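What follows is the content of structure-v8.cif (mmCIF, C-alpha atoms and all ligand atoms).
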```
data_my_file
loop_
_atom_site.label_atom_id
_atom_site.label_comp_id
_atom_site.auth_asym_id
_atom_site.auth_seq_id
_atom_site.Cartn_x
_atom_site.Cartn_y
_atom_site.Cartn_z
CA MET A 139 -4.45 7.49 21.39
CA ILE A 140 -2.93 4.12 20.60
CA ARG A 141 -1.62 4.04 17.01
CA SER A 142 -0.64 0.39 16.57
CA VAL A 143 -0.07 -2.97 18.23
CA HIS A 144 2.83 -5.10 17.12
CA LYS A 145 4.81 -8.13 18.22
CA LEU A 146 8.51 -7.42 18.79
CA ILE A 147 11.06 -10.11 17.87
CA VAL A 148 14.69 -9.17 18.51
CA ALA A 149 17.09 -11.31 16.48
CA ALA A 150 20.31 -12.57 18.08
CA THR A 151 22.37 -12.09 14.90
CA GLU A 152 22.28 -10.15 11.61
CA GLU A 153 21.71 -13.45 9.76
CA GLN A 154 18.72 -14.27 11.91
CA PHE A 155 17.38 -10.74 11.46
CA GLU A 156 17.61 -11.18 7.69
CA ALA A 157 16.05 -14.65 7.83
CA LEU A 158 13.15 -13.33 9.92
CA ARG A 159 12.68 -10.37 7.60
CA VAL A 160 12.56 -12.64 4.54
CA PHE A 161 10.26 -15.10 6.34
CA PHE A 162 7.61 -12.47 7.05
CA ALA A 163 7.98 -10.83 3.64
CA ASP A 164 7.55 -14.22 1.96
CA LEU A 165 4.42 -14.87 3.98
CA GLY A 166 2.97 -11.81 2.27
CA LEU A 167 2.86 -9.40 5.21
CA GLU A 168 2.94 -5.83 3.95
CA PRO A 169 6.30 -4.11 4.58
CA ALA A 170 5.85 -1.04 6.77
CA GLU A 171 8.35 1.30 8.49
CA SER A 172 11.98 0.13 8.54
CA TRP A 173 15.22 1.71 9.77
CA ASP A 174 18.92 1.14 9.78
CA GLY A 175 20.46 3.11 12.65
CA GLN A 176 23.76 3.28 14.44
CA HIS A 177 22.82 0.76 17.10
CA SER A 178 19.95 -1.16 15.59
CA ARG A 179 18.09 -2.19 12.50
CA GLY A 180 14.41 -2.85 12.27
CA ALA A 181 11.71 -3.81 9.84
CA LYS A 182 8.02 -3.68 10.57
CA PHE A 183 5.37 -5.62 8.73
CA GLN A 184 1.67 -5.04 8.91
CA ALA A 185 -1.53 -6.96 8.33
CA PRO A 186 -5.01 -5.66 7.46
CA ALA A 187 -5.96 -6.27 11.10
CA ALA A 188 -3.84 -6.61 14.20
CA GLY A 189 -4.60 -6.66 17.88
CA VAL A 190 -4.38 -8.49 21.16
CA GLU A 191 -6.38 -11.64 21.83
CA VAL A 192 -7.03 -12.76 25.37
CA GLY A 193 -8.10 -16.40 25.81
CA PHE A 194 -9.16 -18.79 28.51
CA GLY A 195 -9.81 -22.54 28.37
CA HIS A 196 -8.62 -25.18 25.91
CA GLY A 197 -7.92 -25.49 22.21
CA PHE A 198 -5.57 -22.54 21.72
CA PRO A 199 -2.48 -23.00 19.55
CA GLU A 200 0.87 -23.09 21.31
CA ALA A 201 2.43 -20.14 19.57
CA ASP A 202 4.00 -16.75 20.15
CA LEU A 203 2.25 -15.24 17.16
CA VAL A 204 -0.99 -16.13 15.39
CA LEU A 205 -1.73 -15.29 11.76
CA GLU A 206 -5.17 -15.67 10.25
CA VAL A 207 -4.95 -16.29 6.52
CA ASP A 208 -7.43 -17.12 3.78
CA ASN A 209 -6.18 -20.68 3.17
CA ALA A 210 -3.98 -22.39 5.76
CA ASP A 211 -3.17 -25.32 3.43
CA ALA A 212 -1.76 -23.00 0.78
CA TYR A 213 0.43 -21.31 3.40
CA TYR A 214 1.49 -24.72 4.68
CA SER A 215 2.70 -25.69 1.17
CA ALA A 216 4.56 -22.38 0.92
CA CYS A 217 6.25 -22.96 4.30
CA GLN A 218 7.18 -26.50 3.28
CA SER A 219 8.70 -25.40 -0.01
CA ARG A 220 10.79 -22.82 1.88
CA ARG A 221 11.93 -25.62 4.22
CA ALA A 222 10.47 -23.95 7.30
CA SER A 223 10.52 -26.15 10.37
CA ILE A 224 6.95 -27.39 10.88
CA VAL A 225 5.85 -28.14 14.44
CA THR A 226 2.34 -29.41 13.72
CA PRO A 227 0.91 -30.02 10.21
CA PRO A 228 -2.53 -28.67 9.25
CA GLU A 229 -5.40 -30.05 11.28
CA ASP A 230 -9.06 -29.20 11.71
CA THR A 231 -10.00 -27.58 14.99
CA ALA A 232 -13.16 -27.82 17.05
CA TRP A 233 -13.75 -24.12 16.35
CA GLY A 234 -14.14 -24.55 12.59
CA ALA A 235 -10.65 -23.70 11.44
CA ARG A 236 -7.63 -25.36 9.92
CA ILE A 237 -4.31 -24.66 11.63
CA PHE A 238 -0.61 -25.52 11.62
CA THR A 239 2.40 -24.25 13.52
CA VAL A 240 5.87 -23.46 12.29
CA VAL A 241 9.15 -22.43 13.96
CA LEU A 242 10.46 -18.95 13.25
CA PRO A 243 13.97 -18.72 11.72
CA GLY A 244 16.69 -19.05 14.36
CA ASN A 245 14.22 -20.68 16.74
CA ALA A 246 12.83 -17.24 17.56
CA GLY A 247 9.44 -18.63 18.53
CA ARG A 248 6.46 -20.32 16.94
CA VAL A 249 3.83 -19.00 14.57
CA ALA A 250 0.40 -20.57 14.32
CA ILE A 251 -1.21 -20.04 10.93
CA PHE A 252 -4.91 -20.72 10.51
CA SER A 253 -7.89 -20.10 8.27
CA TYR A 254 -11.56 -20.47 9.01
CA ASN A 255 -13.29 -23.20 7.03
CA GLU A 256 -15.72 -21.40 4.78
CA PRO A 257 -18.10 -22.76 2.17
CA ALA A 258 -16.53 -22.54 -1.28
CA GLU A 259 -17.90 -19.54 -3.09
CA PRO A 260 -16.51 -17.03 -5.55
CA VAL A 261 -14.32 -14.42 -3.97
CA GLY A 262 -15.73 -10.93 -4.40
CA THR A 263 -13.55 -8.09 -3.22
CA ALA A 264 -14.21 -4.37 -3.10
CA GLY A 265 -12.39 -1.60 -1.35
CA ASP A 266 -14.09 0.23 1.50
CA LEU A 267 -13.99 3.84 2.56
CA ASP A 268 -11.88 3.31 5.66
CA ALA A 269 -8.76 5.48 5.54
CA ARG A 270 -7.72 4.92 9.15
CA GLY A 271 -3.98 4.36 9.44
CA LYS A 272 -3.39 5.11 5.76
CA ARG A 273 -1.16 7.84 4.36
CA PHE A 274 -2.02 10.02 1.37
CA GLY A 275 -0.05 12.38 -0.85
CA VAL A 276 -2.00 15.16 -2.55
CA VAL A 277 -0.53 17.03 -5.53
CA VAL A 278 -2.26 20.33 -6.34
CA ALA A 279 -1.63 22.61 -9.31
CA ARG A 280 -1.55 26.34 -8.46
CA PHE A 281 -2.70 27.32 -11.96
CA ASN A 282 -6.42 28.16 -11.76
CA ALA A 283 -6.01 28.15 -7.97
CA PHE A 284 -9.50 29.60 -7.60
CA ILE A 285 -10.75 26.17 -8.72
CA THR A 286 -7.97 23.86 -7.51
CA GLU A 287 -8.07 25.14 -3.91
CA ARG A 288 -11.76 24.18 -3.78
CA LEU A 289 -10.97 20.77 -5.22
CA LEU A 290 -8.26 20.41 -2.58
CA GLU A 291 -10.73 21.27 0.18
CA GLY A 292 -13.04 18.58 -1.22
CA ALA A 293 -10.27 15.98 -1.36
CA LEU A 294 -9.10 16.72 2.22
CA ASP A 295 -12.70 16.56 3.41
CA ALA A 296 -13.12 13.11 1.81
CA LEU A 297 -9.87 11.81 3.32
CA ARG A 298 -10.63 13.10 6.82
CA ARG A 299 -14.26 11.94 6.76
CA SER A 300 -12.98 8.49 5.84
CA GLY A 301 -10.80 8.46 8.94
CA ALA A 302 -7.39 9.65 7.71
CA ASN A 303 -5.32 11.58 10.24
CA THR A 304 -4.39 15.11 9.19
CA GLY A 305 -0.75 14.25 9.97
CA ASP A 306 -0.91 11.38 7.50
CA ILE A 307 -1.79 13.67 4.58
CA GLU A 308 0.98 15.51 2.73
CA VAL A 309 -0.01 18.27 0.31
CA VAL A 310 2.45 19.23 -2.43
CA ARG A 311 1.83 22.24 -4.68
CA VAL A 312 3.12 22.47 -8.25
CA PRO A 313 2.95 25.37 -10.76
CA GLY A 314 0.44 23.84 -13.17
CA SER A 315 -1.22 20.61 -14.20
CA PHE A 316 1.67 19.78 -16.51
CA GLU A 317 3.90 19.32 -13.45
CA ILE A 318 1.47 17.01 -11.60
CA PRO A 319 2.77 13.68 -12.97
CA ILE A 320 6.40 14.20 -11.94
CA ALA A 321 5.43 15.36 -8.44
CA ALA A 322 2.99 12.45 -8.08
CA ARG A 323 5.68 9.99 -9.13
CA THR A 324 8.21 11.50 -6.71
CA LEU A 325 5.75 11.08 -3.85
CA ALA A 326 4.77 7.55 -4.92
CA GLU A 327 8.39 6.45 -5.22
CA THR A 328 9.03 7.30 -1.57
CA ARG A 329 6.67 4.35 -0.78
CA ARG A 330 5.38 6.44 2.15
CA PHE A 331 1.86 6.75 0.77
CA HIS A 332 -0.98 4.30 0.24
CA ALA A 333 -2.46 6.49 -2.50
CA ILE A 334 -1.89 9.78 -4.28
CA VAL A 335 -4.59 12.33 -5.16
CA CYS A 336 -3.87 14.52 -8.22
CA ILE A 337 -5.67 17.87 -8.46
CA GLY A 338 -5.60 20.38 -11.29
CA CYS A 339 -7.78 22.34 -13.66
CA LEU A 340 -7.16 22.62 -17.39
CA LEU A 341 -9.37 25.06 -19.30
CA ARG A 342 -9.63 24.71 -23.07
CA GLY A 343 -10.22 28.42 -23.60
CA ASP A 344 -7.03 29.46 -21.80
CA THR A 345 -4.68 26.68 -22.77
CA ALA A 346 -2.66 26.50 -25.95
CA HIS A 347 -2.40 22.92 -27.26
CA TYR A 348 -5.09 22.00 -24.72
CA ASP A 349 -5.62 18.46 -26.04
CA VAL A 350 -1.90 17.71 -26.02
CA ILE A 351 -1.53 18.92 -22.43
CA VAL A 352 -4.62 17.02 -21.28
CA ASN A 353 -3.30 13.81 -22.85
CA GLU A 354 0.13 14.30 -21.38
CA VAL A 355 -1.15 14.95 -17.85
CA THR A 356 -3.58 12.03 -18.01
CA ARG A 357 -0.97 9.66 -19.43
CA GLY A 358 1.68 10.81 -16.94
CA ILE A 359 -0.57 10.26 -13.92
CA GLY A 360 -1.67 6.84 -15.20
CA GLN A 361 1.89 5.83 -15.94
CA SER A 362 3.12 6.89 -12.51
CA SER A 363 0.36 4.82 -10.94
CA GLN A 364 1.14 1.74 -13.01
CA ASP A 365 4.93 2.02 -12.69
CA THR A 366 4.92 2.52 -8.94
CA GLY A 367 1.94 0.31 -8.08
CA ILE A 368 0.53 3.09 -5.87
CA PRO A 369 -3.05 4.09 -6.74
CA HIS A 370 -3.37 7.64 -8.12
CA ALA A 371 -6.80 9.29 -8.09
CA PHE A 372 -7.50 11.64 -10.99
CA GLY A 373 -8.90 14.94 -9.76
CA VAL A 374 -7.85 17.05 -12.75
CA LEU A 375 -10.74 18.96 -14.29
CA THR A 376 -10.65 19.24 -18.06
CA CYS A 377 -13.29 21.80 -18.99
CA ASP A 378 -14.18 24.03 -21.90
CA THR A 379 -15.07 27.00 -19.71
CA LEU A 380 -14.51 28.43 -16.25
CA ASP A 381 -18.23 28.07 -15.52
CA GLN A 382 -18.03 24.32 -16.11
CA ALA A 383 -15.05 24.11 -13.76
CA ILE A 384 -16.88 26.08 -11.05
CA ASP A 385 -19.82 23.67 -11.32
CA ARG A 386 -17.45 20.74 -10.72
CA ALA A 387 -15.58 22.40 -7.85
CA GLY A 388 -18.44 22.48 -5.39
CA LEU A 389 -21.50 23.76 -7.22
CA LYS A 390 -24.02 21.99 -9.48
CA MET A 391 -21.90 18.97 -10.36
CA GLY A 392 -20.52 18.27 -6.88
CA ASN A 393 -16.84 18.50 -5.99
CA LYS A 394 -14.56 16.35 -8.15
CA GLY A 395 -11.79 16.75 -5.56
CA PHE A 396 -14.02 15.05 -3.00
CA GLU A 397 -14.69 12.23 -5.47
CA ALA A 398 -10.98 11.85 -6.15
CA GLY A 399 -10.30 11.69 -2.40
CA LEU A 400 -12.86 8.90 -1.99
CA ALA A 401 -11.43 7.05 -4.99
CA ALA A 402 -7.97 7.19 -3.39
CA VAL A 403 -9.32 5.79 -0.11
CA GLU A 404 -11.20 2.99 -1.88
CA MET A 405 -8.24 2.01 -4.05
CA ALA A 406 -5.82 2.02 -1.11
CA SER A 407 -8.19 -0.27 0.76
CA LEU A 408 -8.81 -2.52 -2.26
CA GLN A 409 -5.10 -2.95 -2.84
CA LYS A 410 -4.57 -3.94 0.78
CA LYS A 411 -7.44 -6.45 0.67
CA VAL A 412 -6.35 -8.05 -2.60
CA ARG A 413 -2.77 -8.34 -1.35
CA ALA A 414 -3.98 -9.88 1.89
CA ARG A 415 -5.68 -12.60 -0.13
C1 LIG B 1 0.61 27.48 -19.20
C2 LIG B 1 -0.69 26.92 -18.72
C3 LIG B 1 -1.88 27.22 -19.39
C4 LIG B 1 -1.91 28.14 -20.59
N1 LIG B 1 -3.05 26.74 -18.97
C5 LIG B 1 -3.10 25.94 -17.88
C6 LIG B 1 -4.31 25.41 -17.39
O1 LIG B 1 -5.41 25.65 -17.90
N2 LIG B 1 -4.28 24.63 -16.28
C7 LIG B 1 -3.10 24.30 -15.63
O2 LIG B 1 -3.14 23.56 -14.64
N3 LIG B 1 -1.94 24.79 -16.08
C8 LIG B 1 -1.89 25.59 -17.16
N4 LIG B 1 -0.71 26.10 -17.61
C9 LIG B 1 0.53 25.82 -16.84
C10 LIG B 1 1.19 24.50 -17.23
O3 LIG B 1 0.47 23.41 -16.70
C11 LIG B 1 2.64 24.45 -16.71
O4 LIG B 1 2.63 24.67 -15.33
C12 LIG B 1 3.53 25.51 -17.35
O5 LIG B 1 3.49 25.42 -18.73
C13 LIG B 1 5.02 25.36 -16.89
O6 LIG B 1 5.52 24.10 -17.28
#
```

Written as structure tokens, that's how I'd like the structure from this file.
Amino acid sequence: MIRSVHKLIVAATEEQFEALRVFFADLGLEPAESWDGQHSRGAKFQAPAAGVEVGFGHGFPEADLVLEVDNADAYYSACQSRRASIVTPPEDTAWGARIFTVVLPGNAGRVAIFSYNEPAEPVGTAGDLDARGKRFGVVVARFNAFITERLLEGALDALRRSGANTGDIEVVRVPGSFEIPIAARTLAETRRFHAIVCIGCLLRGDTAHYDVIVNEVTRGIGQSSQDTGIPHAFGVLTCDTLDQAIDRAGLKMGNKGFEAGLAAVEMASLQKKVRAR
């Protein structure tokens, strides 16, 4: 199974490597895998969609790489202000787009940047439930495992049904819900995950200072999400009784783990779409 398609540009010098890296980062491509080895360095960037285009006939840009953006003129201004070497300024094409070409740092090739001309209308964006190619961290509290293992099953089901690969899901277990925020933050800070799913079960009857713990766990998960910028889905049940928790872990009230899994997929997708804009 093919996992990705990417254009390889090998820089002649460290300076050019750095200039190319900054160029693509500045364009707004999402940083992906990078490495710094004994014999080589590398930095990958990714876009919401990538692939191979085969063409025939006239009207194609003369470029080694083609980027479709939402507004070519805005990207042109950005390239100008960064003193990129422009080959052709923006022009309208016969195929309903606006396009310009720019030289890559160190003369490493040409990039054509275009956007389709669309009627002006308000931009409405929503995430979708496509988890293909995305990575998820799942933090599960062992306390009340009878409930949390069912929530976990629900969350994994949601991720896999949305297209996530099993190998792209990392499950981390912690003693109780109180420990979820720190584990979630540790995972998020690795920047390896597009979203984190937090799963626990706090029962009022069994838990001293229940309200304090609930507040702390909720605040900690929210804070980790905001501080790291990685979406965290809240799959922590806060119930008065065990019966209520059972209802929410796969019985009358559905499976809140499944819902949290879907929320993680949607938020990961939304974030990618908004950034792409
Ligand atoms: C100690 C405790 C109690 C009494 N109740 C719960 C609970 O209902 N749900 C839960 O996830 N964890 C509980 N814990 C464990 C704490 O979250 C925490 O793991 C321990 O206090 C150790 O820090």

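Candidate residues A:Asn282, A:Ser363, A:Gln382, A:Thr328 were compared for distance to ligand LIG 1 (chain B), and the nearest is A:Asn282, using all atoms listed in the file.
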
Which is closest to ligand LIG 1 (chain B) among A:Thr345, A:Ser219, A:Gln184, A:Ser172, if we use only C-alpha atoms and all ligand atoms? A:Thr345

Give me the chain A side of the contact with ligand LIG 1 (chain B), cut-off 7 Å, one line per residue showing its nearest atom pair and distance in Å at one decimal, counting only C-alpha atoms and all ligand atoms, sorted by chain and residue number, as JSON lines.
```
{"residue": "A:Ala279", "atom": "CA", "partner": "B:LIG1", "partner_atom": "O2", "distance": 5.6}
{"residue": "A:Arg280", "atom": "CA", "partner": "B:LIG1", "partner_atom": "O2", "distance": 7.0}
{"residue": "A:Phe281", "atom": "CA", "partner": "B:LIG1", "partner_atom": "O2", "distance": 4.6}
{"residue": "A:Asn282", "atom": "CA", "partner": "B:LIG1", "partner_atom": "N2", "distance": 6.1}
{"residue": "A:Pro313", "atom": "CA", "partner": "B:LIG1", "partner_atom": "O4", "distance": 4.6}
{"residue": "A:Gly314", "atom": "CA", "partner": "B:LIG1", "partner_atom": "O4", "distance": 3.2}
{"residue": "A:Ser315", "atom": "CA", "partner": "B:LIG1", "partner_atom": "O2", "distance": 3.5}
{"residue": "A:Phe316", "atom": "CA", "partner": "B:LIG1", "partner_atom": "O3", "distance": 3.8}
{"residue": "A:Glu317", "atom": "CA", "partner": "B:LIG1", "partner_atom": "O4", "distance": 5.8}
{"residue": "A:Gly338", "atom": "CA", "partner": "B:LIG1", "partner_atom": "O2", "distance": 5.2}
{"residue": "A:Cys339", "atom": "CA", "partner": "B:LIG1", "partner_atom": "O2", "distance": 4.9}
{"residue": "A:Leu340", "atom": "CA", "partner": "B:LIG1", "partner_atom": "O1", "distance": 3.5}
{"residue": "A:Leu341", "atom": "CA", "partner": "B:LIG1", "partner_atom": "O1", "distance": 4.2}
{"residue": "A:Arg342", "atom": "CA", "partner": "B:LIG1", "partner_atom": "O1", "distance": 6.7}
{"residue": "A:Asp344", "atom": "CA", "partner": "B:LIG1", "partner_atom": "C4", "distance": 5.4}
{"residue": "A:Thr345", "atom": "CA", "partner": "B:LIG1", "partner_atom": "C4", "distance": 3.8}
{"residue": "A:Ala346", "atom": "CA", "partner": "B:LIG1", "partner_atom": "C4", "distance": 5.7}
```

When you look at A:Leu380 with a cut-off of 9 Å (counting only C-alpha atoms), what residues show up, excluding the ones that are within fewer than 5 positions of it in the same chain? I need them as a list in words.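 Counting only C-alpha atoms, the residues come to Ile285, Leu341, Gly343 and Asp385 of chain A.
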
Find the distance between atom CA of A:Gly292 and atom CA of A:Arg357 and write it in Å to one decimal. 23.6 Å

Spatial neighbours of A:Glu168, max dist 10 Å, all atoms listed in the file, sep filter under 4 positions, as a count of residues only: 11

Identify the residues around (-4.7, 21.3, -5.8) within a radius of 6 Å, measuring from all atoms listed in the file in the coordinates stated by the file, and give them as an mmCIF file with C-alpha atoms, keeping the file's coordinate frame.
```cif
data_model
loop_
_atom_site.group_PDB
_atom_site.id
_atom_site.type_symbol
_atom_site.label_atom_id
_atom_site.label_comp_id
_atom_site.auth_asym_id
_atom_site.auth_seq_id
_atom_site.Cartn_x
_atom_site.Cartn_y
_atom_site.Cartn_z
ATOM 1 C CA VAL A 277 -0.530 17.030 -5.530
ATOM 2 C CA VAL A 278 -2.260 20.330 -6.340
ATOM 3 C CA ALA A 279 -1.630 22.610 -9.310
ATOM 4 C CA THR A 286 -7.970 23.860 -7.510
ATOM 5 C CA GLU A 287 -8.070 25.140 -3.910
ATOM 6 C CA LEU A 290 -8.260 20.410 -2.580
ATOM 7 C CA ILE A 337 -5.670 17.870 -8.460
ATOM 8 C CA GLY A 338 -5.600 20.380 -11.290
#
```

For the point (-11.9, 20.4, -3.5) in file coordinates, what residues are within 8 Å, counting all atoms listed in the file? Give the answer as a PDB file with C-alpha atoms, in the coordinates of the input?
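And here is the file that came out, out.pdb:
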```
ATOM      1  CA  ILE A 285     -10.750  26.170  -8.720  1.00  0.00           C
ATOM      2  CA  THR A 286      -7.970  23.860  -7.510  1.00  0.00           C
ATOM      3  CA  GLU A 287      -8.070  25.140  -3.910  1.00  0.00           C
ATOM      4  CA  ARG A 288     -11.760  24.180  -3.780  1.00  0.00           C
ATOM      5  CA  LEU A 289     -10.970  20.770  -5.220  1.00  0.00           C
ATOM      6  CA  LEU A 290      -8.260  20.410  -2.580  1.00  0.00           C
ATOM      7  CA  GLU A 291     -10.730  21.270   0.180  1.00  0.00           C
ATOM      8  CA  GLY A 292     -13.040  18.580  -1.220  1.00  0.00           C
ATOM      9  CA  ALA A 293     -10.270  15.980  -1.360  1.00  0.00           C
ATOM     10  CA  LEU A 294      -9.100  16.720   2.220  1.00  0.00           C
ATOM     11  CA  ASP A 295     -12.700  16.560   3.410  1.00  0.00           C
ATOM     12  CA  ALA A 387     -15.580  22.400  -7.850  1.00  0.00           C
ATOM     13  CA  GLY A 388     -18.440  22.480  -5.390  1.00  0.00           C
ATOM     14  CA  ASN A 393     -16.840  18.500  -5.990  1.00  0.00           C
ATOM     15  CA  LYS A 394     -14.560  16.350  -8.150  1.00  0.00           C
ATOM     16  CA  GLY A 395     -11.790  16.750  -5.560  1.00  0.00           C
ATOM     17  CA  PHE A 396     -14.020  15.050  -3.000  1.00  0.00           C
TER      18      PHE A 396
END
```

Proximity check stretch 183-214 of chain A to stretch 247-271 of chain A, 10 Å, nearest pairs one decimal Å, only C-alpha atoms, as a tab-separated table:
```
residue	atom	partner	partner_atom	distance
A:Phe198	CA	A:Ala250	CA	9.7
A:Pro199	CA	A:Ala250	CA	6.4
A:Glu200	CA	A:Ala250	CA	7.4
A:Ala201	CA	A:Arg248	CA	4.8
A:Asp202	CA	A:Arg248	CA	5.4
A:Leu203	CA	A:Val249	CA	4.8
A:Val204	CA	A:Ala250	CA	4.8
A:Leu205	CA	A:Ile251	CA	4.8
A:Glu206	CA	A:Phe252	CA	5.1
A:Val207	CA	A:Ser253	CA	5.1
A:Asp208	CA	A:Ser253	CA	5.4
A:Asn209	CA	A:Ser253	CA	5.4
A:Ala210	CA	A:Phe252	CA	5.1
A:Asp211	CA	A:Ser253	CA	8.5
A:Tyr213	CA	A:Ile251	CA	7.8
A:Tyr214	CA	A:Ile251	CA	8.3
```

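Nearest residue to A:Glu171 among A:Arg329, A:Gly360, A:Asp349, A:Arg298 is A:Arg329, counting only C-alpha atoms.
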
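Interatomic distance, atom CA of A:Trp233 against atom CA of A:Gly197: 8.4 Å.
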
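Distances from A:Gly175, A:Phe194, A:Ala246, A:Val143 to A:Leu158 were compared using only C-alpha atoms, and the smallest one belongs to A:Ala246.
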